[in-house]
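Participant: Next comes the structure file model_26.pdb, holding PDB, C-alpha atoms.
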ATOM      1  CA  MET A1478      22.710   7.853  -0.092  1.00  0.00           C
ATOM      2  CA  THR A1479      19.191   8.784   0.958  1.00  0.00           C
ATOM      3  CA  GLY A1480      18.811  11.106  -2.022  1.00  0.00           C
ATOM      4  CA  ALA A1481      20.070   8.451  -4.438  1.00  0.00           C
ATOM      5  CA  VAL A1482      17.645   5.835  -3.105  1.00  0.00           C
ATOM      6  CA  LEU A1483      14.730   8.238  -3.370  1.00  0.00           C
ATOM      7  CA  ARG A1484      15.646   9.448  -6.870  1.00  0.00           C
ATOM      8  CA  ALA A1485      15.665   5.877  -8.156  1.00  0.00           C
ATOM      9  CA  GLY A1486      11.977   5.356  -7.339  1.00  0.00           C
ATOM     10  CA  ALA A1487       9.118   5.107  -9.811  1.00  0.00           C
ATOM     11  CA  TRP A1488       7.828   8.561  -8.945  1.00  0.00           C
ATOM     12  CA  PRO A1489       5.841   9.147 -12.168  1.00  0.00           C
ATOM     13  CA  ALA A1490       3.744   6.087 -11.303  1.00  0.00           C
ATOM     14  CA  VAL A1491       3.360   7.175  -7.668  1.00  0.00           C
ATOM     15  CA  ALA A1492       2.370  10.703  -8.687  1.00  0.00           C
ATOM     16  CA  GLY A1493       0.040   9.509 -11.443  1.00  0.00           C
ATOM     17  CA  VAL A1494      -1.903   7.047  -9.288  1.00  0.00           C
ATOM     18  CA  THR A1495      -2.015   9.537  -6.415  1.00  0.00           C
ATOM     19  CA  GLY A1496      -3.347  12.191  -8.777  1.00  0.00           C
ATOM     20  CA  VAL A1497      -6.140   9.919  -9.964  1.00  0.00           C
ATOM     21  CA  ALA A1498      -6.979   9.141  -6.336  1.00  0.00           C
ATOM     22  CA  VAL A1499      -7.195  12.855  -5.513  1.00  0.00           C
ATOM     23  CA  VAL A1500      -9.563  13.406  -8.445  1.00  0.00           C
ATOM     24  CA  VAL A1501     -11.818  10.567  -7.277  1.00  0.00           C
ATOM     25  CA  GLY A1502     -11.704  11.759  -3.683  1.00  0.00           C
ATOM     26  CA  GLY A1503     -12.334  15.324  -4.797  1.00  0.00           C
ATOM     27  CA  CYS A1504     -15.504  14.187  -6.542  1.00  0.00           C
ATOM     28  CA  GLY A1505     -16.555  12.559  -3.276  1.00  0.00           C
ATOM     29  CA  ALA A1506     -15.942  15.819  -1.445  1.00  0.00           C
ATOM     30  CA  ALA A1507     -17.823  17.832  -4.065  1.00  0.00           C
ATOM     31  CA  PHE A1508     -20.802  15.465  -4.013  1.00  0.00           C
ATOM     32  CA  PRO A1509     -21.343  14.429  -0.368  1.00  0.00           C
ATOM     33  CA  ALA A1510     -24.025  11.897  -1.286  1.00  0.00           C
ATOM     34  CA  ALA A1511     -21.388   9.889  -3.173  1.00  0.00           C
ATOM     35  CA  ALA A1512     -18.623  10.232  -0.573  1.00  0.00           C
ATOM     36  CA  THR A1513     -19.074   6.773   0.976  1.00  0.00           C
ATOM     37  CA  MET A1514     -18.840   5.240  -2.509  1.00  0.00           C
ATOM     38  CA  LEU A1515     -15.942   7.290  -3.887  1.00  0.00           C
ATOM     39  CA  PHE A1516     -13.738   7.530  -0.797  1.00  0.00           C
ATOM     40  CA  PRO A1517     -13.054   3.759  -0.660  1.00  0.00           C
ATOM     41  CA  ILE A1518     -11.973   3.916  -4.320  1.00  0.00           C
ATOM     42  CA  CYS A1519      -9.752   6.910  -3.529  1.00  0.00           C
ATOM     43  CA  PHE A1520      -8.123   5.122  -0.595  1.00  0.00           C
ATOM     44  CA  ALA A1521      -7.615   1.929  -2.616  1.00  0.00           C
ATOM     45  CA  LEU A1522      -5.828   3.935  -5.312  1.00  0.00           C
ATOM     46  CA  LEU A1523      -3.630   5.519  -2.648  1.00  0.00           C
ATOM     47  CA  ALA A1524      -2.751   2.006  -1.500  1.00  0.00           C
ATOM     48  CA  ALA A1525      -1.710   1.209  -5.075  1.00  0.00           C
ATOM     49  CA  ALA A1526       0.399   4.387  -5.144  1.00  0.00           C
ATOM     50  CA  ALA A1527       2.107   3.245  -1.947  1.00  0.00           C
ATOM     51  CA  ALA A1528       2.968  -0.059  -3.627  1.00  0.00           C
ATOM     52  CA  PHE A1529       4.855   1.755  -6.404  1.00  0.00           C
ATOM     53  CA  THR A1530       7.175   3.455  -3.901  1.00  0.00           C
ATOM     54  CA  LEU A1531       9.300   0.285  -3.734  1.00  0.00           C
ATOM     55  CA  ASP A1532       9.854  -0.129  -7.477  1.00  0.00           C
ATOM     56  CA  GLU A1533      13.573  -0.458  -8.205  1.00  0.00           C
ATOM     57  CA  PRO A1534      14.408  -0.905 -11.923  1.00  0.00           C
ATOM     58  CA  ALA A1535      18.093  -1.480 -11.126  1.00  0.00           C
ATOM     59  CA  SER A1536      17.378  -4.052  -8.414  1.00  0.00           C
ATOM     60  CA  LEU A1537      19.989  -6.556  -9.654  1.00  0.00           C
ATOM     61  CA  VAL A1538      22.666  -3.969  -8.916  1.00  0.00           C
ATOM     62  CA  VAL A1539      21.078  -2.271  -5.921  1.00  0.00           C
ATOM     63  CA  ASP A1540      20.363  -5.494  -4.005  1.00  0.00           C
ATOM     64  CA  VAL A1541      24.066  -6.320  -3.679  1.00  0.00           C
ATOM     65  CA  THR A1542      25.215  -2.855  -2.599  1.00  0.00           C
ATOM     66  CA  PRO A1543      26.306  -2.194   1.011  1.00  0.00           C
ATOM     67  CA  THR A1544      23.041  -0.379   1.700  1.00  0.00           C
ATOM     68  CA  GLY A1545      20.897  -3.064   3.323  1.00  0.00           C
ATOM     69  CA  PRO A1546      17.251  -3.770   2.498  1.00  0.00           C
ATOM     70  CA  VAL A1547      16.060  -2.511   5.878  1.00  0.00           C
ATOM     71  CA  ARG A1548      17.651   0.891   5.292  1.00  0.00           C
ATOM     72  CA  ARG A1549      16.472   1.042   1.658  1.00  0.00           C
ATOM     73  CA  THR A1550      12.934   0.155   2.697  1.00  0.00           C
ATOM     74  CA  SER A1551      12.923   2.717   5.511  1.00  0.00           C
ATOM     75  CA  ILE A1552      14.115   5.413   3.109  1.00  0.00           C
ATOM     76  CA  ARG A1553      11.438   4.526   0.565  1.00  0.00           C
ATOM     77  CA  ALA A1554       8.856   4.491   3.364  1.00  0.00           C
ATOM     78  CA  THR A1555       9.250   8.265   3.633  1.00  0.00           C
ATOM     79  CA  ALA A1556       7.564   8.452   0.230  1.00  0.00           C
ATOM     80  CA  LEU A1557       4.379   7.200   1.886  1.00  0.00           C
ATOM     81  CA  LEU A1558       3.923  10.777   3.050  1.00  0.00           C
ATOM     82  CA  ALA A1559       2.714  11.591  -0.480  1.00  0.00           C
ATOM     83  CA  PRO A1560      -0.364   9.304  -0.533  1.00  0.00           C
ATOM     84  CA  LEU A1561      -1.035  10.010   3.139  1.00  0.00           C
ATOM     85  CA  ALA A1562      -0.936  13.763   2.542  1.00  0.00           C
ATOM     86  CA  ALA A1563      -3.159  13.395  -0.513  1.00  0.00           C
ATOM     87  CA  GLY A1564      -5.697  11.416   1.497  1.00  0.00           C
ATOM     88  CA  ALA A1565      -5.603  13.933   4.325  1.00  0.00           C
ATOM     89  CA  LEU A1566      -6.156  16.753   1.824  1.00  0.00           C
ATOM     90  CA  VAL A1567      -9.203  14.960   0.413  1.00  0.00           C
ATOM     91  CA  MET A1568     -10.583  14.430   3.921  1.00  0.00           C
ATOM     92  CA  LEU A1569     -10.047  18.105   4.769  1.00  0.00           C
ATOM     93  CA  ALA A1570     -11.824  19.185   1.589  1.00  0.00           C
ATOM     94  CA  ALA A1571     -14.722  16.867   2.377  1.00  0.00           C
ATOM     95  CA  ALA A1572     -15.012  18.184   5.934  1.00  0.00           C
ATOM     96  CA  MET A1573     -15.052  21.747   4.657  1.00  0.00           C
ATOM     97  CA  ARG A1574     -17.822  20.804   2.228  1.00  0.00           C
ATOM     98  CA  GLY A1575     -19.922  19.496   5.087  1.00  0.00           C
ATOM     99  CA  VAL A1576     -19.469  15.764   4.490  1.00  0.00           C
ATOM    100  CA  THR A1577     -20.375  13.906   7.673  1.00  0.00           C
ATOM    101  CA  LEU A1578     -18.157  10.912   8.342  1.00  0.00           C
ATOM    102  CA  PRO A1579     -16.499   9.392  11.432  1.00  0.00           C
ATOM    103  CA  TRP A1580     -13.223  11.164  10.711  1.00  0.00           C
ATOM    104  CA  ALA A1581     -11.072   9.282  13.228  1.00  0.00           C
ATOM    105  CA  ALA A1582     -12.150   5.963  11.700  1.00  0.00           C
ATOM    106  CA  THR A1583     -11.675   7.406   8.209  1.00  0.00           C
ATOM    107  CA  GLY A1584      -8.135   8.455   9.070  1.00  0.00           C
ATOM    108  CA  LEU A1585      -7.408   4.978  10.387  1.00  0.00           C
ATOM    109  CA  ALA A1586      -8.760   3.499   7.150  1.00  0.00           C
ATOM    110  CA  LEU A1587      -6.501   5.818   5.139  1.00  0.00           C
ATOM    111  CA  ALA A1588      -3.409   4.784   7.108  1.00  0.00           C
ATOM    112  CA  GLY A1589      -4.384   1.122   6.850  1.00  0.00           C
ATOM    113  CA  ASN A1590      -4.880   1.301   3.088  1.00  0.00           C
ATOM    114  CA  VAL A1591      -1.531   2.972   2.498  1.00  0.00           C
ATOM    115  CA  LEU A1592       0.398   0.633   4.789  1.00  0.00           C
ATOM    116  CA  LEU A1593      -1.309  -2.405   3.249  1.00  0.00           C
ATOM    117  CA  GLY A1594      -0.148  -1.340  -0.208  1.00  0.00           C
ATOM    118  CA  PHE A1595       3.394  -0.834   1.064  1.00  0.00           C
ATOM    119  CA  ALA A1596       3.452  -4.182   2.902  1.00  0.00           C
ATOM    120  CA  ALA A1597       2.193  -6.021  -0.185  1.00  0.00           C
ATOM    121  CA  ALA A1598       4.941  -4.396  -2.228  1.00  0.00           C
ATOM    122  CA  CYS A1599       7.523  -5.442   0.381  1.00  0.00           C
ATOM    123  CA  ALA A1600       6.383  -9.047   0.046  1.00  0.00           C
ATOM    124  CA  VAL A1601       6.478  -9.001  -3.760  1.00  0.00           C
ATOM    125  CA  ARG A1602       9.806  -7.134  -3.714  1.00  0.00           C
ATOM    126  CA  THR A1603      11.493 -10.331  -2.545  1.00  0.00           C
ATOM    127  CA  ARG A1604      10.656 -11.798  -5.987  1.00  0.00           C
ATOM    128  CA  THR A1605      11.013  -8.862  -8.348  1.00  0.00           C
ATOM    129  CA  GLY A1606      12.573  -5.433  -8.401  1.00  0.00           C
ATOM    130  CA  GLU A1607       9.366  -3.737  -9.548  1.00  0.00           C
ATOM    131  CA  PRO A1608       6.504  -4.956  -7.361  1.00  0.00           C
ATOM    132  CA  GLY A1609       4.265  -1.917  -7.820  1.00  0.00           C
ATOM    133  CA  ALA A1610       1.993  -3.105 -10.623  1.00  0.00           C
ATOM    134  CA  ALA A1611       1.371  -6.598  -9.239  1.00  0.00           C
ATOM    135  CA  ALA A1612       1.055  -5.576  -5.598  1.00  0.00           C
ATOM    136  CA  GLY A1613      -1.014  -2.497  -6.391  1.00  0.00           C
ATOM    137  CA  THR A1614      -3.478  -4.418  -8.544  1.00  0.00           C
ATOM    138  CA  ALA A1615      -3.885  -7.165  -5.944  1.00  0.00           C
ATOM    139  CA  VAL A1616      -4.413  -4.678  -3.114  1.00  0.00           C
ATOM    140  CA  VAL A1617      -7.009  -2.687  -5.058  1.00  0.00           C
ATOM    141  CA  LEU A1618      -8.980  -5.857  -5.831  1.00  0.00           C
ATOM    142  CA  VAL A1619      -8.891  -6.929  -2.182  1.00  0.00           C
ATOM    143  CA  LEU A1620      -9.893  -3.509  -0.883  1.00  0.00           C
ATOM    144  CA  MET A1621     -12.739  -3.163  -3.365  1.00  0.00           C
ATOM    145  CA  ALA A1622     -14.125  -6.645  -2.653  1.00  0.00           C
ATOM    146  CA  PRO A1623     -16.642  -5.429  -0.022  1.00  0.00           C
ATOM    147  CA  SER A1624     -18.013  -2.912  -2.525  1.00  0.00           C
ATOM    148  CA  LEU A1625     -18.146  -5.365  -5.407  1.00  0.00           C
ATOM    149  CA  VAL A1626     -19.342  -8.457  -3.542  1.00  0.00           C
ATOM    150  CA  PRO A1627     -22.279  -7.828  -1.194  1.00  0.00           C
ATOM    151  CA  GLN A1628     -21.671 -11.107   0.662  1.00  0.00           C
ATOM    152  CA  VAL A1629     -18.225  -9.880   1.709  1.00  0.00           C
ATOM    153  CA  ALA A1630     -19.601  -6.557   2.931  1.00  0.00           C
ATOM    154  CA  ARG A1631     -21.832  -8.380   5.405  1.00  0.00           C
ATOM    155  CA  TRP A1632     -18.778  -9.545   7.330  1.00  0.00           C
ATOM    156  CA  VAL A1633     -15.924  -7.210   6.434  1.00  0.00           C
ATOM    157  CA  ARG A1634     -16.027  -3.462   5.810  1.00  0.00           C
ATOM    158  CA  THR A1635     -12.939  -1.504   4.755  1.00  0.00           C
ATOM    159  CA  PHE A1636     -14.467   1.956   5.044  1.00  0.00           C
ATOM    160  CA  PRO A1637     -16.410   3.402   7.987  1.00  0.00           C
ATOM    161  CA  ALA A1638     -20.080   3.781   7.225  1.00  0.00           C
ATOM    162  CA  PRO A1639     -22.772   5.409   9.348  1.00  0.00           C
ATOM    163  CA  GLY A1640     -25.233   3.147  11.103  1.00  0.00           C
ATOM    164  CA  ALA A1641     -25.054   0.772  14.044  1.00  0.00           C
ATOM    165  CA  ASP A1642     -26.162  -2.263  12.047  1.00  0.00           C
ATOM    166  CA  VAL A1643     -23.017  -2.431   9.885  1.00  0.00           C
ATOM    167  CA  PRO A1644     -19.677  -3.965  10.921  1.00  0.00           C
ATOM    168  CA  SER A1645     -17.051  -1.484  12.069  1.00  0.00           C
ATOM    169  CA  SER A1646     -13.981  -1.038   9.902  1.00  0.00           C
ATOM    170  CA  ASP A1647     -11.799  -0.112  12.909  1.00  0.00           C
ATOM    171  CA  HIS A1648     -11.296  -3.712  14.012  1.00  0.00           C
ATOM    172  CA  VAL A1649     -10.268  -4.692  10.500  1.00  0.00           C
ATOM    173  CA  TRP A1650      -7.715  -1.929  10.166  1.00  0.00           C
ATOM    174  CA  TRP A1651      -6.094  -2.404  13.579  1.00  0.00           C
ATOM    175  CA  ILE A1652      -5.541  -6.056  12.676  1.00  0.00           C
ATOM    176  CA  VAL A1653      -4.288  -5.126   9.210  1.00  0.00           C
ATOM    177  CA  LEU A1654      -1.832  -2.595  10.639  1.00  0.00           C
ATOM    178  CA  ALA A1655      -0.373  -5.184  13.006  1.00  0.00           C
ATOM    179  CA  VAL A1656      -0.099  -7.809  10.264  1.00  0.00           C
ATOM    180  CA  CYS A1657       1.500  -5.302   7.887  1.00  0.00           C
ATOM    181  CA  VAL A1658       4.227  -4.385  10.381  1.00  0.00           C
ATOM    182  CA  VAL A1659       5.093  -8.069  10.813  1.00  0.00           C
ATOM    183  CA  ALA A1660       4.975  -8.684   7.053  1.00  0.00           C
ATOM    184  CA  ILE A1661       7.292  -5.763   6.333  1.00  0.00           C
ATOM    185  CA  ALA A1662       9.790  -6.979   8.944  1.00  0.00           C
ATOM    186  CA  ILE A1663       9.763 -10.516   7.548  1.00  0.00           C
ATOM    187  CA  SER A1664       9.979  -9.352   3.931  1.00  0.00           C
ATOM    188  CA  THR A1665      12.945  -7.071   4.485  1.00  0.00           C
ATOM    189  CA  GLY A1666      14.693  -9.902   6.302  1.00  0.00           C
ATOM    190  CA  GLY A1667      14.065 -12.199   3.358  1.00  0.00           C
ATOM    191  CA  THR A1668      15.351  -9.586   0.934  1.00  0.00           C
ATOM    192  CA  ARG A1669      18.538  -9.280   2.995  1.00  0.00           C
ATOM    193  CA  TYR A1670      19.110 -13.027   2.753  1.00  0.00           C
ATOM    194  CA  GLN A1671      18.603 -12.969  -1.007  1.00  0.00           C
ATOM    195  CA  ALA A1672      20.962 -10.024  -1.411  1.00  0.00           C
ATOM    196  CA  LEU A1673      23.718 -11.815   0.510  1.00  0.00           C
ATOM    197  CA  THR A1674      23.321 -15.110  -1.327  1.00  0.00           C
ATOM    198  CA  GLY A1675      22.393 -13.841  -4.762  1.00  0.00           C
ATOM    199  CA  ILE A1676      19.325 -16.122  -4.758  1.00  0.00           C
ATOM    200  CA  ARG A1677      16.056 -14.518  -5.887  1.00  0.00           C
ATOM    201  CA  GLY A1678      13.312 -17.112  -5.607  1.00  0.00           C
ATOM    202  CA  PRO A1679      13.044 -20.935  -5.913  1.00  0.00           C
ATOM    203  CA  HIS A1680      13.864 -21.023  -9.641  1.00  0.00           C
ATOM    204  CA  LYS A1681      17.064 -19.070  -9.015  1.00  0.00           C
ATOM    205  CA  MET A1682      17.919 -21.394  -6.132  1.00  0.00           C
ATOM    206  CA  LYS A1683      17.818 -24.382  -8.476  1.00  0.00           C
ATOM    207  CA  GLU A1684      20.080 -22.603 -10.936  1.00  0.00           C
ATOM    208  CA  ARG A1685      22.511 -21.745  -8.104  1.00  0.00           C
ATOM    209  CA  LEU A1686      22.628 -25.367  -6.918  1.00  0.00           C
ATOM    210  CA  ARG A1687      23.530 -26.543 -10.419  1.00  0.00           C
TER     211      ARG A1687
END
Before anything else, please render the file you have as C-alpha coordinates.
Facilitator:
Amino acid sequence: MTGAVLRAGAWPAVAGVTGVAVVVGGCGAAFPAAATMLFPICFALLAAAAAFTLDEPASLVVDVTPTGPVRRTSIRATALLAPLAAGALVMLAAAMRGVTLPWAATGLALAGNVLLGFAAACAVRTRTGEPGAAAGTAVVLVLMAPSLVPQVARWVRTFPAPGADVPSSDHVWWIVLAVCVVAIAISTGGTRYQALTGIRGPHKMKERLR
(Lines of atoms letter the chains of each structure in order from A and count residues from 1; the text may use other names and numbers.)
(Lines give C-alpha, C1' and ligand atoms only; values in the text may rest on other atoms or scores of the structure.)
Protein backbone atom coordinates (compact mmCIF):
# COMPACT_ATOMS: atom_id res chain seq x y z
CA MET A 1 0.00 0.00 0.00
CA THR A 2 2.80 2.41 0.85
CA GLY A 3 4.45 1.84 -2.53
CA ALA A 4 1.17 2.38 -4.38
CA VAL A 5 0.48 5.65 -2.57
CA LEU A 6 3.97 6.92 -3.30
CA ARG A 7 3.92 5.87 -6.96
CA ALA A 8 0.72 7.83 -7.54
CA GLY A 9 2.36 11.15 -6.63
CA ALA A 10 3.24 13.96 -9.01
CA TRP A 11 6.95 13.19 -8.83
CA PRO A 12 7.95 14.91 -12.11
CA ALA A 13 6.64 18.18 -10.67
CA VAL A 14 8.35 17.58 -7.32
CA ALA A 15 11.65 16.71 -9.00
CA GLY A 16 11.42 19.58 -11.47
CA VAL A 17 10.74 22.29 -8.88
CA THR A 18 13.35 20.81 -6.55
CA GLY A 19 15.88 20.81 -9.38
CA VAL A 20 15.25 24.48 -10.11
CA ALA A 21 15.64 25.23 -6.40
CA VAL A 22 18.99 23.42 -6.31
CA VAL A 23 20.21 25.44 -9.29
CA VAL A 24 19.22 28.71 -7.60
CA GLY A 25 20.74 27.63 -4.30
CA GLY A 26 23.87 26.45 -6.09
CA CYS A 27 24.30 29.91 -7.58
CA GLY A 28 24.03 31.31 -4.06
CA ALA A 29 26.73 28.92 -2.90
CA ALA A 30 28.97 29.75 -5.86
CA PHE A 31 28.56 33.50 -5.35
CA PRO A 32 28.58 34.13 -1.57
CA ALA A 33 27.73 37.81 -1.99
CA ALA A 34 24.35 36.79 -3.45
CA ALA A 35 23.62 33.99 -0.96
CA THR A 36 21.22 36.01 1.23
CA MET A 37 19.24 36.95 -1.90
CA LEU A 38 19.21 33.57 -3.64
CA PHE A 39 18.76 31.25 -0.66
CA PRO A 40 15.27 32.60 0.21
CA ILE A 41 14.23 31.97 -3.41
CA CYS A 42 15.70 28.46 -3.21
CA PHE A 43 13.83 27.70 0.01
CA ALA A 44 10.57 29.11 -1.35
CA LEU A 45 10.86 26.83 -4.38
CA LEU A 46 11.47 23.88 -2.08
CA ALA A 47 8.26 24.82 -0.27
CA ALA A 48 6.46 24.71 -3.62
CA ALA A 49 7.99 21.28 -4.30
CA ALA A 50 6.67 20.09 -0.94
CA ALA A 51 3.18 21.23 -1.95
CA PHE A 52 3.25 18.98 -5.03
CA THR A 53 3.86 15.87 -2.90
CA LEU A 54 0.13 15.68 -2.12
CA ASP A 55 -1.13 15.80 -5.71
CA GLU A 56 -3.48 12.88 -6.36
CA PRO A 57 -4.90 12.77 -9.92
CA ALA A 58 -7.19 9.85 -9.02
CA SER A 59 -8.51 11.51 -5.87
CA LEU A 60 -12.18 10.71 -6.60
CA VAL A 61 -11.30 7.02 -6.37
CA VAL A 62 -8.56 7.20 -3.76
CA ASP A 63 -10.55 9.27 -1.26
CA VAL A 64 -13.14 6.51 -0.78
CA THR A 65 -10.67 3.64 -0.39
CA PRO A 66 -10.09 2.01 3.03
CA THR A 67 -6.75 3.78 3.35
CA GLY A 68 -7.60 6.83 5.46
CA PRO A 69 -6.41 10.37 4.79
CA VAL A 70 -4.17 10.40 7.86
CA ARG A 71 -2.27 7.35 6.62
CA ARG A 72 -2.12 8.64 3.03
CA THR A 73 -0.83 12.01 4.22
CA SER A 74 1.78 10.41 6.48
CA ILE A 75 3.01 8.25 3.61
CA ARG A 76 3.25 11.24 1.28
CA ALA A 77 5.04 13.17 4.03
CA THR A 78 8.03 10.87 3.57
CA ALA A 79 8.51 12.55 0.19
CA LEU A 80 9.41 15.74 2.05
CA LEU A 81 12.83 14.16 2.50
CA ALA A 82 13.56 15.13 -1.12
CA PRO A 83 13.26 18.93 -0.73
CA LEU A 84 14.81 18.77 2.74
CA ALA A 85 17.79 16.81 1.42
CA ALA A 86 18.14 19.20 -1.50
CA GLY A 87 18.16 22.18 0.85
CA ALA A 88 20.68 20.51 3.14
CA LEU A 89 22.91 19.78 0.14
CA VAL A 90 22.78 23.44 -0.90
CA MET A 91 23.64 24.54 2.64
CA LEU A 92 26.57 22.10 2.76
CA ALA A 93 27.88 23.38 -0.57
CA ALA A 94 27.59 26.96 0.65
CA ALA A 95 29.43 26.17 3.89
CA MET A 96 32.22 24.49 1.94
CA ARG A 97 32.48 27.58 -0.26
CA GLY A 98 32.97 29.75 2.80
CA VAL A 99 29.52 31.35 2.93
CA THR A 100 28.96 32.76 6.42
CA LEU A 101 25.41 32.35 7.65
CA PRO A 102 23.78 31.41 10.98
CA TRP A 103 23.42 27.78 9.93
CA ALA A 104 21.13 26.67 12.77
CA ALA A 105 18.68 29.45 11.91
CA THR A 106 19.06 28.65 8.21
CA GLY A 107 18.22 25.01 8.85
CA LEU A 108 15.15 26.05 10.82
CA ALA A 109 14.09 28.29 7.92
CA LEU A 110 14.51 25.38 5.50
CA ALA A 111 12.35 23.08 7.64
CA GLY A 112 9.76 25.82 8.09
CA ASN A 113 9.55 26.53 4.37
CA VAL A 114 9.09 22.88 3.47
CA LEU A 115 6.50 22.21 6.17
CA LEU A 116 4.60 25.39 5.24
CA GLY A 117 4.31 24.20 1.65
CA PHE A 118 3.08 20.80 2.80
CA ALA A 119 0.56 22.29 5.25
CA ALA A 120 -0.82 24.62 2.58
CA ALA A 121 -1.24 21.65 0.26
CA CYS A 122 -3.04 19.73 3.02
CA ALA A 123 -5.51 22.59 3.39
CA VAL A 124 -6.15 22.87 -0.35
CA ARG A 125 -6.33 19.07 -0.66
CA THR A 126 -9.69 19.17 1.10
CA ARG A 127 -11.05 20.98 -1.99
CA THR A 128 -9.17 19.40 -4.88
CA GLY A 129 -7.14 16.31 -5.59
CA GLU A 130 -4.23 18.28 -7.04
CA PRO A 131 -3.38 21.13 -4.67
CA GLY A 132 0.26 21.51 -5.71
CA ALA A 133 0.00 24.34 -8.23
CA ALA A 134 -2.36 26.53 -6.19
CA ALA A 135 -0.74 25.91 -2.82
CA GLY A 136 2.78 26.16 -4.20
CA THR A 137 2.12 29.46 -5.94
CA ALA A 138 0.47 30.96 -2.86
CA VAL A 139 3.29 29.85 -0.56
CA VAL A 140 5.99 31.22 -2.85
CA LEU A 141 4.25 34.61 -3.00
CA VAL A 142 3.91 34.72 0.79
CA LEU A 143 7.51 33.68 1.40
CA MET A 144 8.88 36.17 -1.11
CA ALA A 145 6.82 39.08 0.26
CA PRO A 146 9.59 40.33 2.61
CA SER A 147 12.00 40.45 -0.33
CA LEU A 148 9.55 42.12 -2.69
CA VAL A 149 7.90 44.54 -0.26
CA PRO A 150 10.36 46.48 1.92
CA GLN A 151 7.61 47.46 4.38
CA VAL A 152 7.00 43.79 5.17
CA ALA A 153 10.69 43.13 5.72
CA ARG A 154 10.75 45.72 8.50
CA TRP A 155 8.49 43.52 10.62
CA VAL A 156 8.79 39.98 9.29
CA ARG A 157 11.87 38.20 7.95
CA THR A 158 11.71 34.67 6.54
CA PHE A 159 15.45 34.16 6.15
CA PRO A 160 18.16 34.77 8.76
CA ALA A 161 20.28 37.77 7.94
CA PRO A 162 23.41 39.01 9.70
CA GLY A 163 23.10 42.09 11.86
CA ALA A 164 21.51 42.87 15.20
CA ASP A 165 19.23 45.58 13.83
CA VAL A 166 17.08 43.20 11.74
CA PRO A 167 14.22 41.05 13.06
CA SER A 168 15.10 37.42 13.71
CA SER A 169 13.50 34.80 11.50
CA ASP A 170 13.62 32.16 14.27
CA HIS A 171 10.53 33.47 16.05
CA VAL A 172 8.60 33.46 12.79
CA TRP A 173 9.51 29.90 11.93
CA TRP A 174 8.82 28.42 15.38
CA ILE A 175 5.33 29.92 15.20
CA VAL A 176 4.88 28.72 11.62
CA LEU A 177 5.94 25.19 12.53
CA ALA A 178 3.40 25.04 15.36
CA VAL A 179 0.61 26.44 13.17
CA CYS A 180 1.48 24.02 10.36
CA VAL A 181 1.22 20.98 12.63
CA VAL A 182 -2.24 22.10 13.77
CA ALA A 183 -3.31 22.89 10.20
CA ILE A 184 -2.21 19.49 8.93
CA ALA A 185 -4.10 17.73 11.73
CA ILE A 186 -7.27 19.71 11.04
CA SER A 187 -7.01 19.30 7.27
CA THR A 188 -6.57 15.54 7.37
CA GLY A 189 -9.56 15.33 9.70
CA GLY A 190 -11.63 17.34 7.26
CA THR A 191 -10.52 15.15 4.37
CA ARG A 192 -11.60 12.07 6.34
CA TYR A 193 -15.07 13.54 6.83
CA GLN A 194 -15.38 14.32 3.13
CA ALA A 195 -14.22 10.84 2.16
CA LEU A 196 -16.85 9.22 4.40
CA THR A 197 -19.69 11.44 3.23
CA GLY A 198 -18.71 11.92 -0.39
CA ILE A 199 -19.01 15.71 0.06
CA ARG A 200 -16.14 17.78 -1.36
CA GLY A 201 -16.81 21.42 -0.59
CA PRO A 202 -19.92 23.65 -0.15
CA HIS A 203 -21.03 23.38 -3.79
CA LYS A 204 -20.98 19.58 -3.55
CA MET A 205 -22.89 19.76 -0.27
CA LYS A 206 -25.72 21.63 -1.99
CA GLU A 207 -25.83 19.03 -4.75
CA ARG A 208 -25.93 16.24 -2.14
CA LEU A 209 -28.82 17.88 -0.27
CA ARG A 210 -30.85 18.08 -3.48
Participant: Which one is closest to Ala1598 (chain A): A:Ile1661, A:Leu1625, A:Val1656, A:Ala1581? Count all atoms listed in the file.
Facilitator: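 Selected residue with least distance to Ala1598 (chain A): A:Ile1661.
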Participant: Which residues would end up in the selection if the PyMOL selection byres ((chain A and resi 1529) around 7) were applied here, given that I need the answer as a PDB file with C-alpha atoms, keeping the file's coordinate frame?
Facilitator:
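Output saved as out.pdb:
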ATOM      1  CA  ALA A1487       9.118   5.107  -9.811  1.00  0.00           C
ATOM      2  CA  ALA A1490       3.744   6.087 -11.303  1.00  0.00           C
ATOM      3  CA  VAL A1491       3.360   7.175  -7.668  1.00  0.00           C
ATOM      4  CA  ALA A1525      -1.710   1.209  -5.075  1.00  0.00           C
ATOM      5  CA  ALA A1526       0.399   4.387  -5.144  1.00  0.00           C
ATOM      6  CA  ALA A1527       2.107   3.245  -1.947  1.00  0.00           C
ATOM      7  CA  ALA A1528       2.968  -0.059  -3.627  1.00  0.00           C
ATOM      8  CA  THR A1530       7.175   3.455  -3.901  1.00  0.00           C
ATOM      9  CA  LEU A1531       9.300   0.285  -3.734  1.00  0.00           C
ATOM     10  CA  ASP A1532       9.854  -0.129  -7.477  1.00  0.00           C
ATOM     11  CA  PRO A1608       6.504  -4.956  -7.361  1.00  0.00           C
ATOM     12  CA  GLY A1609       4.265  -1.917  -7.820  1.00  0.00           C
TER      13      GLY A1609
END
Participant: Distance CA of Leu1515 (chain A)-CA of Gly1502 (chain A), one decimal place?
Facilitator: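 Going from CA of Leu1515 (chain A) over to CA of Gly1502 (chain A) covers 6.2 Å.
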Participant: Could you check which of A:Val1501, A:Ala1556, A:Ala1660, A:Met1568 is closest to Leu1585 (chain A), using only C-alpha atoms?
Facilitator: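 Of the candidates, the smallest distance to Leu1585 (chain A) is held by A:Met1568.
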Participant: Counting all atoms listed in the file, figure out which residue out of A:Ser1646, A:Thr1555, A:Thr1583, A:Thr1614 gets nearest to Ala1512 (chain A).
Facilitator: A:Thr1583
Participant: One decimal, in Å: what's the spacing between CA of Ala1596 (chain A) and CA of Trp1632 (chain A)?
Facilitator: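 According to the coordinates, CA of Ala1596 (chain A) and CA of Trp1632 (chain A) are separated by 23.3 Å.
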